[in-house]
file run22.pdb (PDB, C-alpha atoms and all ligand atoms)
ATOM      1  CA  MET H   1     -23.297   0.185 -11.981
ATOM      2  CA  ARG H   2     -20.969   2.915 -10.786
ATOM      3  CA  VAL H   3     -18.047   1.477  -8.882
ATOM      4  CA  LEU H   4     -15.631   3.554  -6.842
ATOM      5  CA  ILE H   5     -12.179   2.008  -6.602
ATOM      6  CA  LEU H   6     -10.011   3.517  -3.891
ATOM      7  CA  GLY H   7      -6.667   2.989  -5.572
ATOM      8  CA  GLY H   8      -2.932   3.295  -5.171
ATOM      9  CA  THR H   9      -1.879  -0.345  -5.520
ATOM     10  CA  THR H  10      -1.083  -2.711  -8.390
ATOM     11  CA  GLU H  11      -4.259  -4.667  -7.646
ATOM     12  CA  ALA H  12      -6.379  -1.506  -7.716
ATOM     13  CA  PHE H  13      -4.948  -0.555 -11.082
ATOM     14  CA  GLN H  14      -5.475  -4.044 -12.518
ATOM     15  CA  LEU H  15      -9.057  -4.199 -11.265
ATOM     16  CA  ALA H  16      -9.779  -0.781 -12.779
ATOM     17  CA  GLN H  17      -8.352  -1.941 -16.109
ATOM     18  CA  ARG H  18     -10.613  -5.004 -16.043
ATOM     19  CA  LEU H  19     -13.677  -2.856 -15.328
ATOM     20  CA  ALA H  20     -12.667  -0.330 -17.997
ATOM     21  CA  GLY H  21     -13.330  -2.963 -20.654
ATOM     22  CA  ASP H  22     -16.620  -4.136 -19.135
ATOM     23  CA  ALA H  23     -19.781  -2.304 -20.230
ATOM     24  CA  ARG H  24     -21.687  -3.433 -17.126
ATOM     25  CA  PHE H  25     -19.600  -1.145 -14.944
ATOM     26  CA  ASP H  26     -18.766   2.525 -14.839
ATOM     27  CA  ALA H  27     -15.598   2.582 -12.772
ATOM     28  CA  LEU H  28     -14.154   5.616 -11.039
ATOM     29  CA  TYR H  29     -10.577   5.329  -9.865
ATOM     30  CA  ALA H  30      -9.586   7.508  -6.907
ATOM     31  CA  LEU H  31      -6.070   8.393  -5.819
ATOM     32  CA  ALA H  32      -4.851  10.540  -2.939
ATOM     33  CA  GLY H  33      -2.424  12.324  -5.252
ATOM     34  CA  ARG H  34       0.749  11.408  -3.401
ATOM     35  CA  THR H  35       2.925  10.445  -6.380
ATOM     36  CA  GLN H  36       3.933  12.885  -9.088
ATOM     37  CA  LYS H  37       3.400  10.536 -12.027
ATOM     38  CA  PRO H  38       0.801   7.992 -10.944
ATOM     39  CA  LEU H  39      -0.137   5.018 -13.044
ATOM     40  CA  LEU H  40      -3.670   5.777 -14.221
ATOM     41  CA  PRO H  41      -6.111   3.211 -15.627
ATOM     42  CA  ALA H  42      -8.398   3.714 -18.630
ATOM     43  CA  THR H  43     -11.345   4.653 -16.395
ATOM     44  CA  THR H  44     -12.501   8.013 -15.098
ATOM     45  CA  CYS H  45      -9.902   9.064 -12.525
ATOM     46  CA  ARG H  46     -10.227  11.378  -9.566
ATOM     47  CA  ILE H  47      -7.173  12.706  -7.758
ATOM     48  CA  GLY H  48      -7.318  14.137  -4.237
ATOM     49  CA  GLY H  49      -9.013  13.383  -0.932
ATOM     50  CA  PHE H  50     -12.779  13.446  -0.407
ATOM     51  CA  GLY H  51     -12.725  15.486   2.791
ATOM     52  CA  GLY H  52     -12.978  12.814   5.478
ATOM     53  CA  VAL H  53     -15.891  10.472   6.160
ATOM     54  CA  ASP H  54     -18.567  13.097   5.520
ATOM     55  CA  GLY H  55     -16.985  14.198   2.256
ATOM     56  CA  LEU H  56     -16.742  10.630   1.026
ATOM     57  CA  ALA H  57     -20.311   9.823   2.096
ATOM     58  CA  ARG H  58     -21.624  12.893   0.280
ATOM     59  CA  TRP H  59     -19.608  12.056  -2.803
ATOM     60  CA  LEU H  60     -20.902   8.465  -2.886
ATOM     61  CA  VAL H  61     -24.488   9.732  -2.811
ATOM     62  CA  ASP H  62     -23.970  12.601  -5.278
ATOM     63  CA  GLU H  63     -22.199  10.326  -7.769
ATOM     64  CA  ARG H  64     -24.777   7.540  -7.319
ATOM     65  CA  VAL H  65     -22.088   4.989  -6.558
ATOM     66  CA  GLY H  66     -23.434   1.427  -6.395
ATOM     67  CA  ALA H  67     -20.380  -0.254  -4.882
ATOM     68  CA  MET H  68     -17.049   0.726  -3.387
ATOM     69  CA  ILE H  69     -13.860  -1.288  -3.456
ATOM     70  CA  ASP H  70     -11.136  -0.275  -1.046
ATOM     71  CA  ALA H  71      -8.007  -1.421  -2.850
ATOM     72  CA  THR H  72      -5.675   0.999  -1.079
ATOM     73  CA  HIS H  73      -2.338  -0.054   0.352
ATOM     74  CA  PRO H  74      -2.610  -2.046   3.621
ATOM     75  CA  PHE H  75      -0.881   0.884   5.363
ATOM     76  CA  ALA H  76      -3.389   3.470   4.099
ATOM     77  CA  ALA H  77      -5.344   2.995   7.320
ATOM     78  CA  GLN H  78      -7.119   6.341   7.425
ATOM     79  CA  MET H  79      -8.677   5.876   4.001
ATOM     80  CA  SER H  80      -9.775   2.345   4.893
ATOM     81  CA  ARG H  81     -11.390   3.575   8.120
ATOM     82  CA  ASN H  82     -13.164   6.351   6.240
ATOM     83  CA  ALA H  83     -14.437   3.855   3.680
ATOM     84  CA  VAL H  84     -15.950   1.631   6.383
ATOM     85  CA  GLU H  85     -17.690   4.575   8.062
ATOM     86  CA  ALA H  86     -18.942   6.144   4.827
ATOM     87  CA  ALA H  87     -20.293   2.768   3.661
ATOM     88  CA  ALA H  88     -22.181   2.388   6.948
ATOM     89  CA  ILE H  89     -23.742   5.852   6.564
ATOM     90  CA  THR H  90     -24.720   5.500   2.900
ATOM     91  CA  TYR H  91     -25.410   1.731   2.686
ATOM     92  CA  VAL H  92     -23.067   1.555  -0.314
ATOM     93  CA  PRO H  93     -21.705  -2.028  -0.358
ATOM     94  CA  LEU H  94     -17.985  -2.103   0.468
ATOM     95  CA  LEU H  95     -15.386  -4.743  -0.314
ATOM     96  CA  ARG H  96     -11.741  -4.538   0.730
ATOM     97  CA  LEU H  97      -9.324  -5.938  -1.823
ATOM     98  CA  GLN H  98      -6.214  -6.641   0.188
ATOM     99  CA  ARG H  99      -3.262  -8.882  -0.480
ATOM    100  CA  ALA H 100      -2.198 -11.395   2.118
ATOM    101  CA  GLU H 101       0.581 -10.500   4.537
ATOM    102  CA  TRP H 102       4.058 -11.911   4.072
ATOM    103  CA  GLN H 103       4.748 -14.776   6.442
ATOM    104  CA  LEU H 104       8.041 -15.588   8.096
ATOM    105  CA  GLN H 105       9.918 -18.244   6.103
ATOM    106  CA  PRO H 106      12.788 -20.500   7.215
ATOM    107  CA  GLY H 107      15.971 -18.405   7.085
ATOM    108  CA  ASP H 108      14.195 -15.104   7.715
ATOM    109  CA  ASP H 109      15.393 -12.987  10.645
ATOM    110  CA  TRP H 110      12.589 -10.511  11.339
ATOM    111  CA  ARG H 111      12.168  -8.070  14.190
ATOM    112  CA  ILE H 112       8.440  -7.319  14.053
ATOM    113  CA  VAL H 113       7.477  -3.840  15.269
ATOM    114  CA  ALA H 114       4.225  -1.868  15.475
ATOM    115  CA  ASP H 115       5.225   1.374  13.752
ATOM    116  CA  MET H 116       8.086   3.456  12.339
ATOM    117  CA  VAL H 117       9.069   4.932  15.711
ATOM    118  CA  ALA H 118       9.552   1.396  17.008
ATOM    119  CA  ALA H 119      11.375   0.479  13.784
ATOM    120  CA  ALA H 120      13.903   3.279  14.313
ATOM    121  CA  ALA H 121      14.459   2.112  17.904
ATOM    122  CA  ALA H 122      14.847  -1.509  16.742
ATOM    123  CA  LEU H 123      17.968  -0.576  14.770
ATOM    124  CA  GLY H 124      19.785  -0.426  18.124
ATOM    125  CA  GLU H 125      22.582   1.723  19.504
ATOM    126  CA  GLN H 126      25.452   0.521  17.311
ATOM    127  CA  PRO H 127      25.771   2.375  13.964
ATOM    128  CA  GLN H 128      24.405   0.331  11.082
ATOM    129  CA  ARG H 129      23.859   0.779   7.355
ATOM    130  CA  ALA H 130      20.083   0.487   6.992
ATOM    131  CA  PHE H 131      18.004   0.169   3.852
ATOM    132  CA  LEU H 132      14.696   2.013   4.310
ATOM    133  CA  ALA H 133      12.237   0.556   1.834
ATOM    134  CA  ILE H 134       9.221   2.211   3.430
ATOM    135  CA  GLY H 135       8.226   4.981   1.036
ATOM    136  CA  ARG H 136       8.899   8.625   1.795
ATOM    137  CA  LYS H 137       6.144   9.639   4.190
ATOM    138  CA  GLU H 138       7.565   8.231   7.407
ATOM    139  CA  VAL H 139      11.316   8.521   6.887
ATOM    140  CA  ALA H 140      11.432  11.378   9.417
ATOM    141  CA  ALA H 141      10.949   8.843  12.233
ATOM    142  CA  PHE H 142      14.572   7.800  11.652
ATOM    143  CA  THR H 143      15.955  11.244  12.529
ATOM    144  CA  ALA H 144      15.607   9.893  16.087
ATOM    145  CA  ALA H 145      18.387   7.404  15.257
ATOM    146  CA  PRO H 146      21.082   9.596  13.604
ATOM    147  CA  GLN H 147      23.912   7.186  14.501
ATOM    148  CA  HIS H 148      22.941   4.993  11.519
ATOM    149  CA  SER H 149      23.506   5.678   7.849
ATOM    150  CA  TYR H 150      20.538   5.157   5.565
ATOM    151  CA  LEU H 151      19.827   4.170   2.009
ATOM    152  CA  VAL H 152      16.300   5.501   1.427
ATOM    153  CA  ARG H 153      14.285   4.206  -1.515
ATOM    154  CA  ALA H 154      11.097   5.957  -2.643
ATOM    155  CA  VAL H 155       9.112   6.678  -5.802
ATOM    156  CA  ASP H 156       9.374  10.457  -5.307
ATOM    157  CA  ALA H 157      12.052  12.291  -3.331
ATOM    158  CA  PRO H 158      11.362  12.693   0.403
ATOM    159  CA  ASN H 159      11.525  16.197   1.927
ATOM    160  CA  ALA H 160      15.183  16.952   2.639
ATOM    161  CA  GLU H 161      14.404  18.339   6.119
ATOM    162  CA  GLY H 162      12.791  15.048   7.156
ATOM    163  CA  LEU H 163      15.836  12.954   6.258
ATOM    164  CA  PRO H 164      18.244  11.618   8.891
ATOM    165  CA  PRO H 165      21.720  13.228   8.610
ATOM    166  CA  GLN H 166      23.532  10.337   6.919
ATOM    167  CA  SER H 167      21.057   9.555   4.132
ATOM    168  CA  GLN H 168      21.356   8.642   0.505
ATOM    169  CA  VAL H 169      18.172   8.578  -1.573
ATOM    170  CA  ILE H 170      17.420   6.386  -4.576
ATOM    171  CA  LEU H 171      14.266   6.886  -6.598
ATOM    172  CA  GLN H 172      12.799   3.649  -7.891
ATOM    173  CA  ARG H 173       9.321   2.269  -8.490
ATOM    174  CA  GLY H 174       8.533  -1.449  -8.219
ATOM    175  CA  PRO H 175       8.115  -4.195  -9.203
ATOM    176  CA  PHE H 176      11.634  -5.172  -8.169
ATOM    177  CA  ALA H 177      13.652  -8.205  -9.303
ATOM    178  CA  PHE H 178      15.437 -10.547  -6.908
ATOM    179  CA  ALA H 179      18.848 -10.218  -8.639
ATOM    180  CA  ASP H 180      18.654  -6.408  -8.507
ATOM    181  CA  GLU H 181      17.662  -6.390  -4.853
ATOM    182  CA  LEU H 182      20.488  -8.780  -4.007
ATOM    183  CA  ALA H 183      22.982  -6.543  -5.834
ATOM    184  CA  LEU H 184      21.590  -3.429  -4.148
ATOM    185  CA  LEU H 185      21.976  -4.876  -0.657
ATOM    186  CA  GLN H 186      25.487  -6.133  -1.420
ATOM    187  CA  HIS H 187      26.828  -3.055  -3.212
ATOM    188  CA  ASN H 188      25.542  -0.752  -0.515
ATOM    189  CA  ARG H 189      26.867  -2.986   2.294
ATOM    190  CA  ILE H 190      23.452  -3.038   3.943
ATOM    191  CA  ASP H 191      23.393  -4.458   7.494
ATOM    192  CA  ILE H 192      19.652  -4.298   8.067
ATOM    193  CA  VAL H 193      16.470  -3.747   6.033
ATOM    194  CA  VAL H 194      13.383  -1.850   7.218
ATOM    195  CA  SER H 195      10.160  -2.827   5.451
ATOM    196  CA  LYS H 196       6.409  -2.604   5.871
ATOM    197  CA  ASN H 197       4.568  -5.901   5.727
ATOM    198  CA  ALA H 198       2.988  -4.850   2.456
ATOM    199  CA  GLY H 199       2.350  -8.347   1.061
ATOM    200  CA  GLY H 200       2.235  -9.109  -2.652
ATOM    201  CA  THR H 201       5.049  -9.936  -5.044
ATOM    202  CA  ALA H 202       6.287  -6.555  -6.328
ATOM    203  CA  ALA H 203       8.156  -5.571  -3.163
ATOM    204  CA  TYR H 204       8.939  -9.079  -1.867
ATOM    205  CA  PRO H 205      12.336  -9.660  -3.569
ATOM    206  CA  LYS H 206      14.131  -7.459  -1.002
ATOM    207  CA  ILE H 207      12.873  -9.802   1.711
ATOM    208  CA  GLU H 208      14.142 -12.817  -0.240
ATOM    209  CA  ALA H 209      17.472 -11.084  -0.857
ATOM    210  CA  ALA H 210      17.840 -10.291   2.854
ATOM    211  CA  ARG H 211      17.094 -13.941   3.641
ATOM    212  CA  GLN H 212      19.729 -15.110   1.161
ATOM    213  CA  LEU H 213      22.365 -12.781   2.636
ATOM    214  CA  GLY H 214      21.413 -13.491   6.268
ATOM    215  CA  ILE H 215      20.490  -9.822   6.808
ATOM    216  CA  PRO H 216      17.879  -9.023   9.478
ATOM    217  CA  VAL H 217      14.644  -7.240   8.555
ATOM    218  CA  VAL H 218      12.783  -4.836  10.812
ATOM    219  CA  MET H 219       9.249  -5.651   9.688
ATOM    220  CA  VAL H 220       6.575  -3.073  10.449
ATOM    221  CA  ALA H 221       3.259  -4.820  11.096
ATOM    222  CA  ARG H 222       0.078  -3.646   9.407
ATOM    223  CA  PRO H 223      -2.036  -1.080  11.220
ATOM    224  CA  ALA H 224      -5.358  -2.227  12.658
ATOM    225  CA  ILE H 225      -8.370  -1.241  10.565
ATOM    226  CA  PRO H 226     -12.073  -1.910  11.198
ATOM    227  CA  HIS H 227     -13.632  -5.045   9.806
ATOM    228  CA  ALA H 228     -15.026  -5.073   6.259
ATOM    229  CA  PRO H 229     -15.763  -7.931   3.849
ATOM    230  CA  GLU H 230     -12.435  -8.824   2.269
ATOM    231  CA  CYS H 231     -10.966 -10.611  -0.707
ATOM    232  CA  ALA H 232      -7.375 -11.134  -1.802
ATOM    233  CA  ASP H 233      -7.561 -11.124  -5.586
ATOM    234  CA  ILE H 234      -9.120  -9.374  -8.533
ATOM    235  CA  ASP H 235     -11.232 -12.319  -9.687
ATOM    236  CA  ALA H 236     -12.917 -12.485  -6.297
ATOM    237  CA  ALA H 237     -13.581  -8.741  -6.415
ATOM    238  CA  LEU H 238     -15.166  -9.118  -9.848
ATOM    239  CA  ALA H 239     -17.320 -12.004  -8.642
ATOM    240  CA  TRP H 240     -18.504  -9.824  -5.741
ATOM    241  CA  LEU H 241     -19.435  -7.025  -8.156
ATOM    242  CA  GLU H 242     -21.253  -9.441 -10.461
ATOM    243  CA  GLU H 243     -23.224 -10.731  -7.516
ATOM    244  CA  LEU H 244     -24.399  -7.171  -6.825
ATOM    245  CA  LEU H 245     -25.695  -6.919 -10.394
ATOM    246  CA  ARG H 246     -28.022  -9.894  -9.942
ATOM    247  CA  PRO H 247     -31.623  -8.697  -9.400
ATOM    248  CA  GLU H 248     -32.012 -10.902  -6.296
ATOM    249  CA  ALA H 249     -29.137  -9.003  -4.653
ATOM    250  CA  HIS H 250     -31.449  -6.010  -4.240
ATOM    251  CA  CYS H 251     -34.373  -7.924  -2.694
ATOM    252  CA  GLY H 252     -35.062  -8.165   1.041
TER     253      GLY H 252
HETATM  254  P1  LIG N   1      -4.113   7.357   4.405
HETATM  255  O1  LIG N   1      -3.179   7.898   5.435
HETATM  256  O2  LIG N   1      -4.948   6.213   4.758
HETATM  257  O3  LIG N   1      -5.077   8.508   3.885
HETATM  258  C1  LIG N   1      -4.947   9.886   4.235
HETATM  259  C2  LIG N   1      -5.945  10.659   3.424
HETATM  260  O4  LIG N   1      -5.573  10.668   2.048
HETATM  261  C3  LIG N   1      -7.353  10.080   3.438
HETATM  262  O5  LIG N   1      -8.061  10.449   4.601
HETATM  263  C4  LIG N   1      -7.921  10.653   2.170
HETATM  264  O6  LIG N   1      -8.213  12.036   2.321
HETATM  265  C5  LIG N   1      -6.726  10.591   1.225
HETATM  266  N1  LIG N   1      -6.678   9.342   0.470
HETATM  267  C6  LIG N   1      -5.961   8.220   0.734
HETATM  268  N2  LIG N   1      -6.113   7.305  -0.217
HETATM  269  C7  LIG N   1      -6.937   7.865  -1.124
HETATM  270  C8  LIG N   1      -7.478   7.405  -2.356
HETATM  271  N3  LIG N   1      -7.160   6.209  -2.874
HETATM  272  N4  LIG N   1      -8.327   8.231  -3.023
HETATM  273  C9  LIG N   1      -8.636   9.463  -2.542
HETATM  274  N5  LIG N   1      -8.149   9.943  -1.379
HETATM  275  C10 LIG N   1      -7.312   9.151  -0.688
HETATM  276  O7  LIG N   1      -3.347   6.989   3.069
HETATM  277  P2  LIG N   1      -1.828   7.164   2.655
HETATM  278  O8  LIG N   1      -1.015   6.242   3.478
HETATM  279  O9  LIG N   1      -1.519   8.618   2.651
HETATM  280  O10 LIG N   1      -1.873   6.581   1.203
HETATM  281  C11 LIG N   1      -2.364   7.367   0.131
HETATM  282  C12 LIG N   1      -2.421   6.542  -1.113
HETATM  283  O11 LIG N   1      -1.139   5.978  -1.408
HETATM  284  C13 LIG N   1      -3.407   5.375  -1.063
HETATM  285  O12 LIG N   1      -4.091   5.371  -2.283
HETATM  286  C14 LIG N   1      -2.541   4.158  -0.909
HETATM  287  O13 LIG N   1      -3.097   3.017  -1.534
HETATM  288  C15 LIG N   1      -1.255   4.581  -1.580
HETATM  289  N6  LIG N   1      -0.074   3.930  -1.002
HETATM  290  C16 LIG N   1       0.144   4.007   0.341
HETATM  291  C17 LIG N   1       1.226   3.361   0.870
HETATM  292  C18 LIG N   1       1.459   3.389   2.355
HETATM  293  O14 LIG N   1       2.408   2.723   2.801
HETATM  294  N7  LIG N   1       0.666   4.090   3.142
HETATM  295  C19 LIG N   1       2.102   2.667   0.050
HETATM  296  C20 LIG N   1       1.854   2.619  -1.329
HETATM  297  C21 LIG N   1       0.759   3.263  -1.831
HETATM  298  P3  LIG N   1      -9.702  12.556   2.686
HETATM  299  O15 LIG N   1      -9.883  12.242   4.133
HETATM  300  O16 LIG N   1      -9.651  14.005   2.365
HETATM  301  O17 LIG N   1     -10.666  11.792   1.817
END
call {"tool": "encode", "arguments": {"input": "run22.pdb", "output": "structure tokens"}}
result
Amino acid sequence: MRVLILGGTTEAFQLAQRLAGDARFDALYALAGRTQKPLLPATTCRIGGFGGVDGLARWLVDERVGAMIDATHPFAAQMSRNAVEAAAITYVPLLRLQRAEWQLQPGDDWRIVADMVAAAAALGEQPQRAFLAIGRKEVAAFTAAPQHSYLVRAVDAPNAEGLPPQSQVILQRGPFAFADELALLQHNRIDIVVSKNAGGTAAYPKIEAARQLGIPVVMVARPAIPHAPECADIDAALAWLEELLRPEAHCG
């Protein structure tokens, strides 16, 4: 069975690697093409958008895809919406593989906001040293709050014109270790952290480090996306695929 994995996360990569070694499946791994050196699994890979809902629907039919797994990042809302709509048009079964959200723990000081514009406003009037651990796409929202100085962490360098005036960029790719995150916050005298509620373990140590140091976190909530059947781990995604292979799954 041909399986399209909409990728870009650790879980997507791991699932693709599992399917790569399984003769029952012919997995295709799709990436938007945002990072310069993406981690690619040992499956057929496809880099670049499909051309919206219609493009994806056409592609699913042309490639005779039997199942689609949306394992994109929880903040890749457009792709997830497109997947739901294209699945409805083509009747290709869709499963969303999405890690659970981080939950507030004792000692956490979170200011939960809806988006990056609200996150920039939540930093307040007084100048602060903020750690932006949000990727590079939405850093420009913080040009609206130029009174703060920023430590911006991303996998690839953000566009210079979208950076707030007092910015320093570090290029790093997760997973991150607690001791390193603690040292980073301390050495850079960070007053406040801005994070997306990505979930998972790879990016969580900065939240633990902020908790340990008593530093507040502006936590950007996940965007709303339409309902789809969901699972939180790779084993459950595999079980769902195996269920589709059973002959009875195609009856009635
Ligand atoms: P997005 O805003 O939801 O998607 C924008 C467009 O990019 C989509 O309409 C689609 O183009 C294309 N696209 C997105 N994901 C794709 C995929 N896996 N395969 C093929 N095309 C894809 O997504 P985004 O926020 O730009 O994220 C892009 C990728 O980076 C995703 O794979 C995501 O998992 C990963 N990522 C995102 C974040 C984040 O915070 N957003 C963080 C880490 C990793 P067409 O309409 O032309 O098909």
call {"tool": "residues_near_point", "arguments": {"input": "run22.pdb", "point": "(0.3, 16.7, -1.3)", "cutoff": "12 Å", "atoms": "all atoms listed in the file", "output": "ChimeraX atom specification"}}
result
/H:31-36,47-49,137,156,158-159
call {"tool": "closest_residue", "arguments": {"input": "run22.pdb", "among": "H:Ala144, H:Ala133, H:Met79, H:Ala228", "to": "Leu185 in chain H", "atoms": "all atoms listed in the file"}}
result
H:Ala133
call {"tool": "residues_around", "arguments": {"input": "run22.pdb", "residues": "range 88-97 of chain H", "least_positions_apart": "6", "cutoff": "6 Å", "atoms": "only C-alpha atoms", "output": "MDAnalysis selection string"}}
result
chainID H and resid 67:71 229:232
call {"tool": "write_last_selection", "arguments": {"input": "run22.pdb", "atoms": "C-alpha atoms", "output": "PDB file, in the frame of the given file"}}
result
ATOM      1  CA  ALA H  67     -20.380  -0.254  -4.882  1.00  0.00           C
ATOM      2  CA  MET H  68     -17.049   0.726  -3.387  1.00  0.00           C
ATOM      3  CA  ILE H  69     -13.860  -1.288  -3.456  1.00  0.00           C
ATOM      4  CA  ASP H  70     -11.136  -0.275  -1.046  1.00  0.00           C
ATOM      5  CA  ALA H  71      -8.007  -1.421  -2.850  1.00  0.00           C
ATOM      6  CA  PRO H 229     -15.763  -7.931   3.849  1.00  0.00           C
ATOM      7  CA  GLU H 230     -12.435  -8.824   2.269  1.00  0.00           C
ATOM      8  CA  CYS H 231     -10.966 -10.611  -0.707  1.00  0.00           C
ATOM      9  CA  ALA H 232      -7.375 -11.134  -1.802  1.00  0.00           C
TER      10      ALA H 232
END
call {"tool": "residues_around", "arguments": {"input": "run22.pdb", "residues": "Gly51 in chain H", "least_positions_apart": "5", "cutoff": "12 Å", "atoms": "only C-alpha atoms", "output": "list in words"}}
result
Ala32, Leu56, Ala57, Arg58, Trp59, Gln78, Met79, Asn82, Ala83 and Ala86 of chain H
call {"tool": "write_last_selection", "arguments": {"input": "run22.pdb", "atoms": "C-alpha atoms", "output": "compact mmCIF listing (two decimals), keeping the file's coordinate frame"}}
result
# COMPACT_ATOMS: atom_id res chain seq x y z
CA ALA H 32 -4.85 10.54 -2.94
CA LEU H 56 -16.74 10.63 1.03
CA ALA H 57 -20.31 9.82 2.10
CA ARG H 58 -21.62 12.89 0.28
CA TRP H 59 -19.61 12.06 -2.80
CA GLN H 78 -7.12 6.34 7.42
CA MET H 79 -8.68 5.88 4.00
CA ASN H 82 -13.16 6.35 6.24
CA ALA H 83 -14.44 3.86 3.68
CA ALA H 86 -18.94 6.14 4.83
call {"tool": "residues_near_point", "arguments": {"input": "run22.pdb", "point": "(3.2, -0.9, 14.9)", "cutoff": "7 Å", "atoms": "all atoms listed in the file", "output": "MDAnalysis selection string"}}
result
chainID H and resid 113:115 220:223
call {"tool": "closest_residue", "arguments": {"input": "run22.pdb", "among": "H:Gly135, H:Gly107, H:Pro146, H:Pro41", "to": "ligand LIG 1 (chain N)", "atoms": "only C-alpha atoms and all ligand atoms"}}
result
H:Gly135
call {"tool": "atom_distance", "arguments": {"input": "run22.pdb", "atom1": "CA of Gln172 in chain H", "atom2": "CA of Arg153 in chain H"}}
result
6.6 Å
call {"tool": "closest_residue", "arguments": {"input": "run22.pdb", "among": "H:Ala198, H:Ala141, H:Val84, H:Val61", "to": "ligand LIG 1 (chain N)", "atoms": "only C-alpha atoms and all ligand atoms"}}
result
H:Ala198
